[in-house]
file run-v4.tsv (TSV, C-alpha atoms)
chain	number	residue	atom	x	y	z
A	1	MET	CA	0.00	0.00	0.00
A	2	PRO	CA	1.29	3.49	-0.78
A	3	LEU	CA	2.16	5.76	2.14
A	4	SER	CA	-0.43	8.33	3.18
A	5	ALA	CA	0.42	11.97	3.73
A	6	GLU	CA	-0.19	11.46	7.46
A	7	GLU	CA	2.25	8.52	7.60
A	8	ILE	CA	4.90	10.53	5.77
A	9	ALA	CA	4.49	13.66	7.90
A	10	GLY	CA	4.43	11.58	11.08
A	11	HIS	CA	7.71	9.79	10.43
A	12	PRO	CA	10.28	10.83	13.06
A	13	ALA	CA	12.92	11.57	10.40
A	14	ALA	CA	10.53	13.15	7.88
A	15	LEU	CA	12.16	16.59	8.11
A	16	ARG	CA	15.68	15.25	7.57
A	17	HIS	CA	14.57	13.25	4.54
A	18	VAL	CA	12.62	16.16	3.04
A	19	GLN	CA	15.64	18.41	3.62
A	20	GLU	CA	17.79	16.01	1.59
A	21	GLN	CA	15.12	16.08	-1.11
A	22	SER	CA	15.13	19.89	-1.03
A	23	ARG	CA	18.90	19.96	-1.49
A	24	ALA	CA	18.54	17.65	-4.50
A	25	LEU	CA	15.95	20.02	-6.01
A	26	ILE	CA	18.20	23.02	-5.29
A	27	HIS	CA	20.98	21.19	-7.16
A	28	ILE	CA	18.66	20.71	-10.14
A	29	TYR	CA	17.88	24.43	-9.99
A	30	GLU	CA	21.58	25.31	-9.95
A	31	THR	CA	22.31	22.91	-12.82
A	32	SER	CA	19.39	24.01	-15.02
A	33	PRO	CA	18.37	27.50	-13.85
A	34	ARG	CA	16.69	28.39	-17.15
A	35	LEU	CA	14.43	25.35	-17.05
A	36	ALA	CA	13.81	25.74	-13.32
A	37	ALA	CA	12.89	29.39	-13.80
A	38	VAL	CA	10.25	28.48	-16.37
A	39	PHE	CA	8.45	26.47	-13.67
A	40	ALA	CA	9.14	29.12	-11.05
A	41	THR	CA	5.66	29.49	-9.53
A	42	GLN	CA	3.26	26.75	-8.51
A	43	GLN	CA	0.89	27.68	-11.34
A	44	ARG	CA	3.66	27.30	-13.91
A	45	TRP	CA	4.82	24.10	-12.21
A	46	LEU	CA	1.31	22.64	-12.63
A	47	LEU	CA	1.19	23.86	-16.24
A	48	GLY	CA	4.47	22.04	-16.79
A	49	HIS	CA	3.05	18.83	-15.34
A	50	VAL	CA	0.00	19.12	-17.63
A	51	GLY	CA	2.27	19.50	-20.65
A	52	LEU	CA	4.40	16.51	-19.64
A	53	ALA	CA	1.31	14.37	-19.06
A	54	LEU	CA	-0.04	15.19	-22.52
A	55	HIS	CA	3.38	14.39	-23.99
A	56	PHE	CA	3.57	11.00	-22.32
A	57	ARG	CA	-0.04	10.06	-23.00
A	58	ARG	CA	0.19	10.56	-26.74
A	59	ASP	CA	0.08	7.50	-29.00
A	60	PRO	CA	2.38	7.84	-32.05
A	61	ASN	CA	-0.15	5.80	-34.02
A	62	ASP	CA	-3.17	7.89	-33.05
A	63	ARG	CA	-3.22	11.53	-34.14
A	64	CYS	CA	-6.16	12.18	-31.81
A	65	THR	CA	-3.81	11.77	-28.83
A	66	GLU	CA	-1.14	14.19	-30.02
A	67	MET	CA	-0.25	17.07	-27.74
A	68	THR	CA	-1.41	20.32	-29.30
A	69	VAL	CA	-1.88	23.83	-27.98
A	70	ALA	CA	-5.65	23.38	-28.22
A	71	ARG	CA	-5.56	20.17	-26.19
A	72	PHE	CA	-3.23	21.73	-23.62
A	73	LEU	CA	-5.55	24.73	-23.20
A	74	GLU	CA	-8.54	22.42	-22.74
A	75	VAL	CA	-6.89	20.41	-19.94
A	76	VAL	CA	-5.76	23.63	-18.25
A	77	ARG	CA	-9.29	25.05	-18.47
A	78	ARG	CA	-10.94	21.84	-17.23
A	79	ASN	CA	-8.70	21.74	-14.16
A	80	ALA	CA	-8.77	25.51	-13.51
A	81	VAL	CA	-4.98	25.74	-13.50
A	82	ALA	CA	-4.64	29.12	-15.22
A	83	SER	CA	-6.37	31.57	-17.52
A	84	ARG	CA	-6.29	31.01	-21.26
A	85	ASN	CA	-3.93	33.94	-21.78
A	86	THR	CA	-1.53	32.69	-19.11
A	87	ALA	CA	-1.55	29.18	-20.58
A	88	GLU	CA	-0.92	30.46	-24.11
A	89	ALA	CA	1.96	32.65	-22.89
A	90	PHE	CA	3.39	29.64	-21.09
A	91	VAL	CA	3.38	27.56	-24.29
A	92	LYS	CA	5.10	30.35	-26.22
A	93	GLU	CA	7.80	30.51	-23.57
A	94	MET	CA	8.28	26.73	-23.66
A	95	LEU	CA	8.79	26.89	-27.42
A	96	HIS	CA	11.08	29.93	-27.21
A	97	TYR	CA	13.46	28.20	-24.79
A	98	ASN	CA	13.28	24.80	-26.58
A	99	ILE	CA	11.67	23.17	-23.58
A	100	ALA	CA	9.01	21.98	-26.01
A	101	GLU	CA	9.12	21.83	-29.79
A	102	TYR	CA	6.79	21.44	-32.73
A	103	LEU	CA	6.74	18.13	-34.58
A	104	SER	CA	5.12	19.78	-37.57
A	105	THR	CA	4.40	23.36	-38.63
A	106	SER	CA	1.77	22.73	-41.26
A	107	GLY	CA	-1.87	23.74	-40.87
A	108	ASP	CA	-3.54	25.58	-38.00
A	109	GLY	CA	-1.10	26.63	-35.26
A	110	ARG	CA	-3.31	25.36	-32.44
A	111	ALA	CA	-3.38	21.94	-34.08
A	112	HIS	CA	0.40	21.63	-34.52
A	113	PRO	CA	1.61	18.54	-32.65
A	114	LEU	CA	4.11	19.29	-29.89
A	115	ARG	CA	6.53	17.27	-27.83
A	116	VAL	CA	8.65	17.96	-24.78
A	117	SER	CA	12.39	18.08	-25.48
A	118	ALA	CA	14.67	15.27	-24.35
A	119	ALA	CA	16.67	17.65	-22.15
A	120	THR	CA	13.50	18.68	-20.31
A	121	ILE	CA	12.54	15.07	-19.67
A	122	GLU	CA	16.04	14.31	-18.41
A	123	THR	CA	15.87	17.18	-15.92
A	124	PHE	CA	12.38	16.19	-14.78
A	125	THR	CA	13.61	12.62	-14.23
A	126	GLY	CA	15.89	14.06	-11.56
A	127	TRP	CA	12.76	15.39	-9.82
A	128	ILE	CA	11.31	11.87	-9.88
A	129	HIS	CA	14.53	10.41	-8.47
A	130	ALA	CA	14.54	12.89	-5.58
A	131	HIS	CA	10.98	12.05	-4.52
A	132	LEU	CA	11.32	8.27	-4.88
A	133	ARG	CA	14.52	8.42	-2.84
A	134	THR	CA	12.70	10.29	-0.06
A	135	LEU	CA	9.91	7.70	0.02
A	136	ASP	CA	12.48	4.90	0.19
A	137	ARG	CA	14.21	6.58	3.12
A	138	ILE	CA	10.93	6.82	4.98
A	139	ASP	CA	9.92	3.16	4.74
A	140	GLY	CA	13.06	1.36	3.53
A	141	GLY	CA	11.52	0.61	0.13
A	142	ASN	CA	13.24	0.11	-3.21
A	143	ARG	CA	11.20	2.40	-5.46
A	144	LEU	CA	14.18	4.25	-6.92
A	145	ALA	CA	16.05	1.03	-7.75
A	146	THR	CA	12.89	-0.31	-9.42
A	147	PHE	CA	12.49	2.89	-11.42
A	148	LEU	CA	16.14	2.82	-12.51
A	149	GLU	CA	15.64	-0.74	-13.72
A	150	ARG	CA	12.51	0.28	-15.64
A	151	PRO	CA	13.05	3.86	-16.86
A	152	GLU	CA	10.30	3.38	-19.43
A	153	MET	CA	7.75	3.50	-16.62
A	154	LEU	CA	8.21	7.30	-16.56
A	155	ALA	CA	5.68	7.53	-19.40
A	156	LYS	CA	2.97	6.03	-17.16
A	157	LEU	CA	4.18	7.42	-13.84
A	158	GLN	CA	4.29	11.14	-14.64
A	159	PRO	CA	0.70	11.43	-15.98
A	160	LEU	CA	-0.58	9.71	-12.84
A	161	ILE	CA	1.45	12.12	-10.70
A	162	CYS	CA	-0.04	15.01	-12.66
A	163	ASP	CA	-3.58	13.71	-12.08
A	164	GLY	CA	-2.87	13.36	-8.38
A	165	LEU	CA	-1.40	16.84	-8.03
A	166	LEU	CA	-4.33	18.43	-9.85
A	167	ALA	CA	-6.75	16.62	-7.54
A	168	SER	CA	-4.85	17.34	-4.30
A	169	GLY	CA	-6.40	19.99	-2.07
A	170	PRO	CA	-3.29	20.42	0.13
A	171	VAL	CA	-1.14	20.95	-2.98
A	172	ARG	CA	-3.56	23.19	-4.89
A	173	ASP	CA	-4.78	25.21	-1.89
A	174	PRO	CA	-2.06	25.28	0.79
A	175	GLU	CA	-2.00	27.31	3.99
A	176	PRO	CA	-1.39	31.11	3.99
A	177	THR	CA	2.41	31.42	4.18
A	178	PHE	CA	3.06	28.62	1.70
A	179	SER	CA	0.50	30.24	-0.61
A	180	LEU	CA	2.32	33.55	-0.26
A	181	PHE	CA	5.58	32.07	-1.54
A	182	ILE	CA	4.23	29.91	-4.36
A	183	TRP	CA	3.19	33.04	-6.28
A	184	LEU	CA	6.75	34.38	-6.00
A	185	ASN	CA	9.13	33.54	-8.85
A	186	ASN	CA	11.25	30.63	-7.61
A	187	GLY	CA	9.11	30.62	-4.48
A	188	GLY	CA	9.40	26.86	-4.12
A	189	ILE	CA	13.18	27.12	-4.18
A	190	VAL	CA	13.01	29.99	-1.65
A	191	MET	CA	11.16	27.70	0.75
A	192	ASP	CA	13.41	24.72	-0.01
A	193	TRP	CA	16.46	26.86	0.78
A	194	LEU	CA	14.97	28.18	4.02
A	195	MET	CA	13.86	24.76	5.25
A	196	SER	CA	16.99	22.89	4.14
A	197	GLY	CA	19.05	25.19	6.35
A	198	ILE	CA	17.17	24.28	9.53
A	199	ASN	CA	18.86	22.16	12.18
A	200	PRO	CA	16.34	19.32	12.75
A	201	GLU	CA	17.18	19.48	16.46
A	202	ASP	CA	15.63	22.97	16.49
A	203	ALA	CA	12.45	21.87	14.73
A	204	ASN	CA	10.33	21.97	17.90
A	205	LEU	CA	11.12	25.62	18.63
A	206	ASP	CA	8.49	28.29	18.04
A	207	ARG	CA	11.07	30.30	16.08
A	208	ILE	CA	13.44	28.04	14.16
A	209	PRO	CA	16.77	29.53	12.98
A	210	THR	CA	17.68	29.11	9.29
A	211	SER	CA	20.99	29.65	7.48
A	212	VAL	CA	19.83	32.89	5.79
A	213	ILE	CA	21.22	36.25	6.88
A	214	SER	CA	21.53	38.51	3.83
A	215	ILE	CA	18.44	39.15	1.71
A	216	SER	CA	20.66	40.62	-1.03
A	217	GLU	CA	22.80	37.48	-1.29
A	218	PHE	CA	19.68	35.32	-1.15
A	219	ALA	CA	18.04	37.33	-3.96
A	220	HIS	CA	21.23	37.30	-6.06
A	221	TRP	CA	21.52	33.51	-5.82
A	222	LEU	CA	17.87	33.14	-6.82
A	223	LYS	CA	18.21	35.70	-9.63
A	224	LEU	CA	15.32	37.61	-8.08
A	225	SER	CA	14.75	41.30	-7.56
A	226	ARG	CA	15.90	42.12	-4.04
A	227	THR	CA	12.94	44.49	-3.72
A	228	HIS	CA	10.46	41.80	-4.80
A	229	LEU	CA	11.91	39.18	-2.45
A	230	ALA	CA	12.06	41.67	0.44
A	231	ARG	CA	8.40	42.55	-0.13
A	232	LYS	CA	7.36	38.90	0.07
A	233	LEU	CA	9.50	38.34	3.14
A	234	HIS	CA	7.88	41.40	4.72
A	235	ASP	CA	4.43	39.94	3.98
A	236	ALA	CA	5.52	36.68	5.59
A	237	GLU	CA	6.87	38.63	8.56
A	238	VAL	CA	3.49	40.34	9.00
A	239	LEU	CA	1.92	36.87	9.16
A	240	GLY	CA	4.40	35.97	11.91
A	241	SER	CA	5.92	33.27	9.69
A	242	ILE	CA	9.48	34.60	9.52
A	243	GLY	CA	11.63	37.11	11.36
A	244	TRP	CA	15.19	37.86	12.40
A	245	VAL	CA	16.92	36.85	15.59
A	246	GLY	CA	18.45	40.34	15.82
A	247	GLN	CA	18.66	43.25	13.38
A	248	ARG	CA	17.01	42.57	10.02
A	249	GLY	CA	19.61	41.77	7.37
A	250	HIS	CA	22.38	41.45	9.95
A	251	SER	CA	21.25	38.39	11.87
A	252	VAL	CA	19.89	34.91	11.18
A	253	MET	CA	16.38	34.64	9.77
A	254	TRP	CA	13.98	32.35	11.59
A	255	VAL	CA	10.85	30.56	10.38
A	256	SER	CA	7.86	29.88	12.58
A	257	GLN	CA	6.75	26.47	13.73
A	258	GLN	CA	3.52	27.04	11.80
A	259	PHE	CA	5.40	27.81	8.55
A	260	LEU	CA	7.46	24.65	8.93
A	261	GLN	CA	4.30	22.61	9.48
A	262	GLU	CA	2.69	24.16	6.37
A	263	TYR	CA	5.76	23.32	4.31
A	264	MET	CA	5.92	19.74	5.58
A	265	ALA	CA	2.18	19.23	4.99
A	266	VAL	CA	2.54	20.13	1.31
A	267	GLN	CA	5.68	18.00	0.94
A	268	ALA	CA	3.89	15.05	2.55
A	269	ALA	CA	0.85	15.49	0.29
A	270	LYS	CA	3.08	15.68	-2.79
A	271	LEU	CA	5.06	12.60	-1.77
A	272	ALA	CA	1.83	10.69	-1.13
A	273	VAL	CA	0.69	11.55	-4.68
A	274	VAL	CA	4.01	10.30	-6.08
A	275	ASP	CA	3.80	7.09	-4.04
A	276	ALA	CA	0.20	6.37	-5.08
A	277	ALA	CA	1.16	6.91	-8.73
A	278	PHE	CA	4.20	4.66	-8.36
A	279	GLU	CA	2.13	1.90	-6.72
A	280	ALA	CA	-0.44	2.13	-9.52
A	281	CYS	CA	2.33	1.78	-12.12
A	282	ILE	CA	3.80	-1.27	-10.41
A	283	SER	CA	0.36	-2.87	-10.07
A	284	HIS	CA	-0.30	-2.24	-13.75
A	285	CYS	CA	3.01	-3.83	-14.73
A	286	LYS	CA	2.27	-6.91	-12.60
A	287	GLY	CA	-1.22	-7.22	-14.06
A	288	SER	CA	-0.15	-6.90	-17.69
call {"tool": "encode", "arguments": {"input": "run-v4.tsv", "output": "structure tokens"}}
result
Amino acid sequence: MPLSAEEIAGHPAALRHVQEQSRALIHIYETSPRLAAVFATQQRWLLGHVGLALHFRRDPNDRCTEMTVARFLEVVRRNAVASRNTAEAFVKEMLHYNIAEYLSTSGDGRAHPLRVSAATIETFTGWIHAHLRTLDRIDGGNRLATFLERPEMLAKLQPLICDGLLASGPVRDPEPTFSLFIWLNNGGIVMDWLMSGINPEDANLDRIPTSVISISEFAHWLKLSRTHLARKLHDAEVLGSIGWVGQRGHSVMWVSQQFLQEYMAVQAAKLAVVDAAFEACISHCKGS
């Protein structure tokens, strides 16, 4: 049986394992900042998952299953991921940066078949590895080894993950501070960086020290406007979710116990979606 979000969040070493996962995702960001930046907000991240799912679900022998702009827009509309204009702009950006590419340029533009580039899939596979590794650490499983032995299962696994994410309330509608950051460019990485710098031994404190001191250095590393990042951090400070041990910008930033719990709740929900999708893939393979 796949792990539930409650089982994942309740594991005594859950924070340590999620921190290792966060560091793996930060490494992906540092290795492929252009690709990571394209999926910089949660909305764009979900749009990316929709595009990948359409890519993997297409049947080369059935033109009706091809990924097209029109089909992408329909799935986005049906799942209320973004407005039509936002989704169309997203596709144009994917094409501009060769994250996706046309298979053909004949006929109506909205009907042109698309595919995701090999480099994009390779980078996304690192995301899969990070999450399967976390699940294995929690229950001693061998999901990652199984996936590495059967890399072709990605084509079935990712669409199921996409379905699960789109249907997940905790992922789609998280608590206030998490919601504040997911609309910030690279907001997920901001939170990963903050939480990965926590000493797990401090995790029960009301105000948990992080490794962040300088907003300017933080913004520079993230390739964000210092003003924009400072504004979001101020909003989070008003919520009581972050603060500084001493003088702002000259002392360690802390995160609240509540913010940590919000972060872990979303990570647990996401991992539960990945595990359920993985279990469904394995069951399908055994049954076929």
call {"tool": "closest_atom_pairs", "arguments": {"input": "run-v4.tsv", "of": "range 123-241 of chain A", "to": "range 2-8 of chain A", "cutoff": "10 Å", "atoms": "only C-alpha atoms", "output": "Markdown table"}}
result
| residue | atom | partner | partner_atom | distance |
| --- | --- | --- | --- | --- |
| A:Thr134 | CA | A:Ile8 | CA | 9.7 |
| A:Leu135 | CA | A:Ile8 | CA | 8.1 |
| A:Ile138 | CA | A:Ile8 | CA | 7.1 |
| A:Asp139 | CA | A:Leu3 | CA | 8.6 |
| A:Pro170 | CA | A:Ala5 | CA | 9.9 |
call {"tool": "closest_residue", "arguments": {"input": "run-v4.tsv", "among": "A:Cys281, A:Ile182, A:Ala111, A:Ala14", "to": "Arg137 in chain A", "atoms": "all atoms listed in the file"}}
result
A:Ala14
call {"tool": "residues_around", "arguments": {"input": "run-v4.tsv", "residues": "Ala80 in chain A", "least_positions_apart": "4", "cutoff": "12 Å", "atoms": "only C-alpha atoms", "output": "PDB file with C-alpha atoms, keeping the file's coordinate frame"}}
result
ATOM      1  CA  GLN A  43       0.890  27.680 -11.340  1.00  0.00           C
ATOM      2  CA  LEU A  46       1.310  22.640 -12.630  1.00  0.00           C
ATOM      3  CA  LEU A  47       1.190  23.860 -16.240  1.00  0.00           C
ATOM      4  CA  VAL A  50       0.000  19.120 -17.630  1.00  0.00           C
ATOM      5  CA  LEU A  73      -5.550  24.730 -23.200  1.00  0.00           C
ATOM      6  CA  GLU A  74      -8.540  22.420 -22.740  1.00  0.00           C
ATOM      7  CA  VAL A  75      -6.890  20.410 -19.940  1.00  0.00           C
ATOM      8  CA  VAL A  76      -5.760  23.630 -18.250  1.00  0.00           C
ATOM      9  CA  ARG A  84      -6.290  31.010 -21.260  1.00  0.00           C
ATOM     10  CA  THR A  86      -1.530  32.690 -19.110  1.00  0.00           C
ATOM     11  CA  ALA A  87      -1.550  29.180 -20.580  1.00  0.00           C
ATOM     12  CA  LEU A 166      -4.330  18.430  -9.850  1.00  0.00           C
ATOM     13  CA  ALA A 167      -6.750  16.620  -7.540  1.00  0.00           C
ATOM     14  CA  ARG A 172      -3.560  23.190  -4.890  1.00  0.00           C
TER      15      ARG A 172
END
call {"tool": "residues_around", "arguments": {"input": "run-v4.tsv", "residues": "Ala53 in chain A", "least_positions_apart": "5", "cutoff": "7 Å", "atoms": "only C-alpha atoms", "output": "list in words"}}
result
Gln158, Pro159 and Cys162 of chain A
call {"tool": "closest_residue", "arguments": {"input": "run-v4.tsv", "among": "A:Ala82, A:Leu194, A:Ile161, A:Leu222", "to": "Gln19 in chain A", "atoms": "only C-alpha atoms"}}
result
A:Leu194
call {"tool": "residues_around", "arguments": {"input": "run-v4.tsv", "residues": "His234 in chain A", "least_positions_apart": "2", "cutoff": "12 Å", "atoms": "only C-alpha atoms", "output": "PyMOL selection string"}}
result
chain A and resi 177+180-181+215+226-232+236-244+248+253
call {"tool": "closest_residue", "arguments": {"input": "run-v4.tsv", "among": "A:Met94, A:Ile26, A:Phe278, A:Glu101", "to": "Met195 in chain A", "atoms": "all atoms listed in the file"}}
result
A:Ile26
call {"tool": "closest_residue", "arguments": {"input": "run-v4.tsv", "among": "A:His17, A:His96, A:His49, A:Arg44", "to": "Leu271 in chain A", "atoms": "all atoms listed in the file"}}
result
A:His17
call {"tool": "closest_residue", "arguments": {"input": "run-v4.tsv", "among": "A:Gln257, A:Val38, A:Ala89, A:Leu157", "to": "Asp206 in chain A", "atoms": "all atoms listed in the file"}}
result
A:Gln257
call {"tool": "residues_around", "arguments": {"input": "run-v4.tsv", "residues": "Lys92 in chain A", "least_positions_apart": "5", "cutoff": "12 Å", "atoms": "only C-alpha atoms", "output": "ChimeraX atom specification"}}
result
/A:38,69,85-87,97-102,109-110,114
call {"tool": "write_last_selection", "arguments": {"input": "run-v4.tsv", "atoms": "C-alpha atoms", "output": "mmCIF file, in the coordinates of the input"}}
result
data_model
loop_
_atom_site.group_PDB
_atom_site.id
_atom_site.type_symbol
_atom_site.label_atom_id
_atom_site.label_comp_id
_atom_site.auth_asym_id
_atom_site.auth_seq_id
_atom_site.Cartn_x
_atom_site.Cartn_y
_atom_site.Cartn_z
ATOM 1 C CA VAL A 38 10.250 28.480 -16.370
ATOM 2 C CA VAL A 69 -1.880 23.830 -27.980
ATOM 3 C CA ASN A 85 -3.930 33.940 -21.780
ATOM 4 C CA THR A 86 -1.530 32.690 -19.110
ATOM 5 C CA ALA A 87 -1.550 29.180 -20.580
ATOM 6 C CA TYR A 97 13.460 28.200 -24.790
ATOM 7 C CA ASN A 98 13.280 24.800 -26.580
ATOM 8 C CA ILE A 99 11.670 23.170 -23.580
ATOM 9 C CA ALA A 100 9.010 21.980 -26.010
ATOM 10 C CA GLU A 101 9.120 21.830 -29.790
ATOM 11 C CA TYR A 102 6.790 21.440 -32.730
ATOM 12 C CA GLY A 109 -1.100 26.630 -35.260
ATOM 13 C CA ARG A 110 -3.310 25.360 -32.440
ATOM 14 C CA LEU A 114 4.110 19.290 -29.890
#
call {"tool": "atom_distance", "arguments": {"input": "run-v4.tsv", "atom1": "CA of Ala9 in chain A", "atom2": "CA of Val273 in chain A"}}
result
13.3 Å
call {"tool": "atom_distance", "arguments": {"input": "run-v4.tsv", "atom1": "CA of Arg115 in chain A", "atom2": "CA of Phe39 in chain A"}}
result
17.0 Å
call {"tool": "atom_distance", "arguments": {"input": "run-v4.tsv", "atom1": "CA of His220 in chain A", "atom2": "CA of Leu35 in chain A"}}
result
17.6 Å
call {"tool": "residues_near_point", "arguments": {"input": "run-v4.tsv", "point": "(13.1, 23.5, 11.4)", "cutoff": "12 Å", "atoms": "only C-alpha atoms", "output": "mmCIF file with C-alpha atoms, in the frame of the given file"}}
result
data_model
loop_
_atom_site.group_PDB
_atom_site.id
_atom_site.type_symbol
_atom_site.label_atom_id
_atom_site.label_comp_id
_atom_site.auth_asym_id
_atom_site.auth_seq_id
_atom_site.Cartn_x
_atom_site.Cartn_y
_atom_site.Cartn_z
ATOM 1 C CA ALA A 13 12.920 11.570 10.400
ATOM 2 C CA ALA A 14 10.530 13.150 7.880
ATOM 3 C CA LEU A 15 12.160 16.590 8.110
ATOM 4 C CA ARG A 16 15.680 15.250 7.570
ATOM 5 C CA VAL A 18 12.620 16.160 3.040
ATOM 6 C CA GLN A 19 15.640 18.410 3.620
ATOM 7 C CA MET A 191 11.160 27.700 0.750
ATOM 8 C CA ASP A 192 13.410 24.720 -0.010
ATOM 9 C CA TRP A 193 16.460 26.860 0.780
ATOM 10 C CA LEU A 194 14.970 28.180 4.020
ATOM 11 C CA MET A 195 13.860 24.760 5.250
ATOM 12 C CA SER A 196 16.990 22.890 4.140
ATOM 13 C CA GLY A 197 19.050 25.190 6.350
ATOM 14 C CA ILE A 198 17.170 24.280 9.530
ATOM 15 C CA ASN A 199 18.860 22.160 12.180
ATOM 16 C CA PRO A 200 16.340 19.320 12.750
ATOM 17 C CA GLU A 201 17.180 19.480 16.460
ATOM 18 C CA ASP A 202 15.630 22.970 16.490
ATOM 19 C CA ALA A 203 12.450 21.870 14.730
ATOM 20 C CA ASN A 204 10.330 21.970 17.900
ATOM 21 C CA LEU A 205 11.120 25.620 18.630
ATOM 22 C CA ASP A 206 8.490 28.290 18.040
ATOM 23 C CA ARG A 207 11.070 30.300 16.080
ATOM 24 C CA ILE A 208 13.440 28.040 14.160
ATOM 25 C CA PRO A 209 16.770 29.530 12.980
ATOM 26 C CA THR A 210 17.680 29.110 9.290
ATOM 27 C CA SER A 211 20.990 29.650 7.480
ATOM 28 C CA ILE A 242 9.480 34.600 9.520
ATOM 29 C CA MET A 253 16.380 34.640 9.770
ATOM 30 C CA TRP A 254 13.980 32.350 11.590
ATOM 31 C CA VAL A 255 10.850 30.560 10.380
ATOM 32 C CA SER A 256 7.860 29.880 12.580
ATOM 33 C CA GLN A 257 6.750 26.470 13.730
ATOM 34 C CA GLN A 258 3.520 27.040 11.800
ATOM 35 C CA PHE A 259 5.400 27.810 8.550
ATOM 36 C CA LEU A 260 7.460 24.650 8.930
ATOM 37 C CA GLN A 261 4.300 22.610 9.480
ATOM 38 C CA GLU A 262 2.690 24.160 6.370
ATOM 39 C CA TYR A 263 5.760 23.320 4.310
ATOM 40 C CA MET A 264 5.920 19.740 5.580
#
call {"tool": "closest_residue", "arguments": {"input": "run-v4.tsv", "among": "A:Glu88, A:Glu149, A:Glu217, A:Glu122", "to": "His250 in chain A", "atoms": "only C-alpha atoms"}}
result
A:Glu217
call {"tool": "residues_around", "arguments": {"input": "run-v4.tsv", "residues": "Glu279 in chain A", "least_positions_apart": "5", "cutoff": "12 Å", "atoms": "all atoms listed in the file", "output": "list in words"}}
result
Met1, Pro2, Leu3, Leu132, Leu135, Gly141, Asn142, Arg143, Thr146, Phe147, Met153, Lys156, Leu157, Leu160, Ile161, Ala272, Val273, Val274, His284, Cys285 and Lys286 of chain A
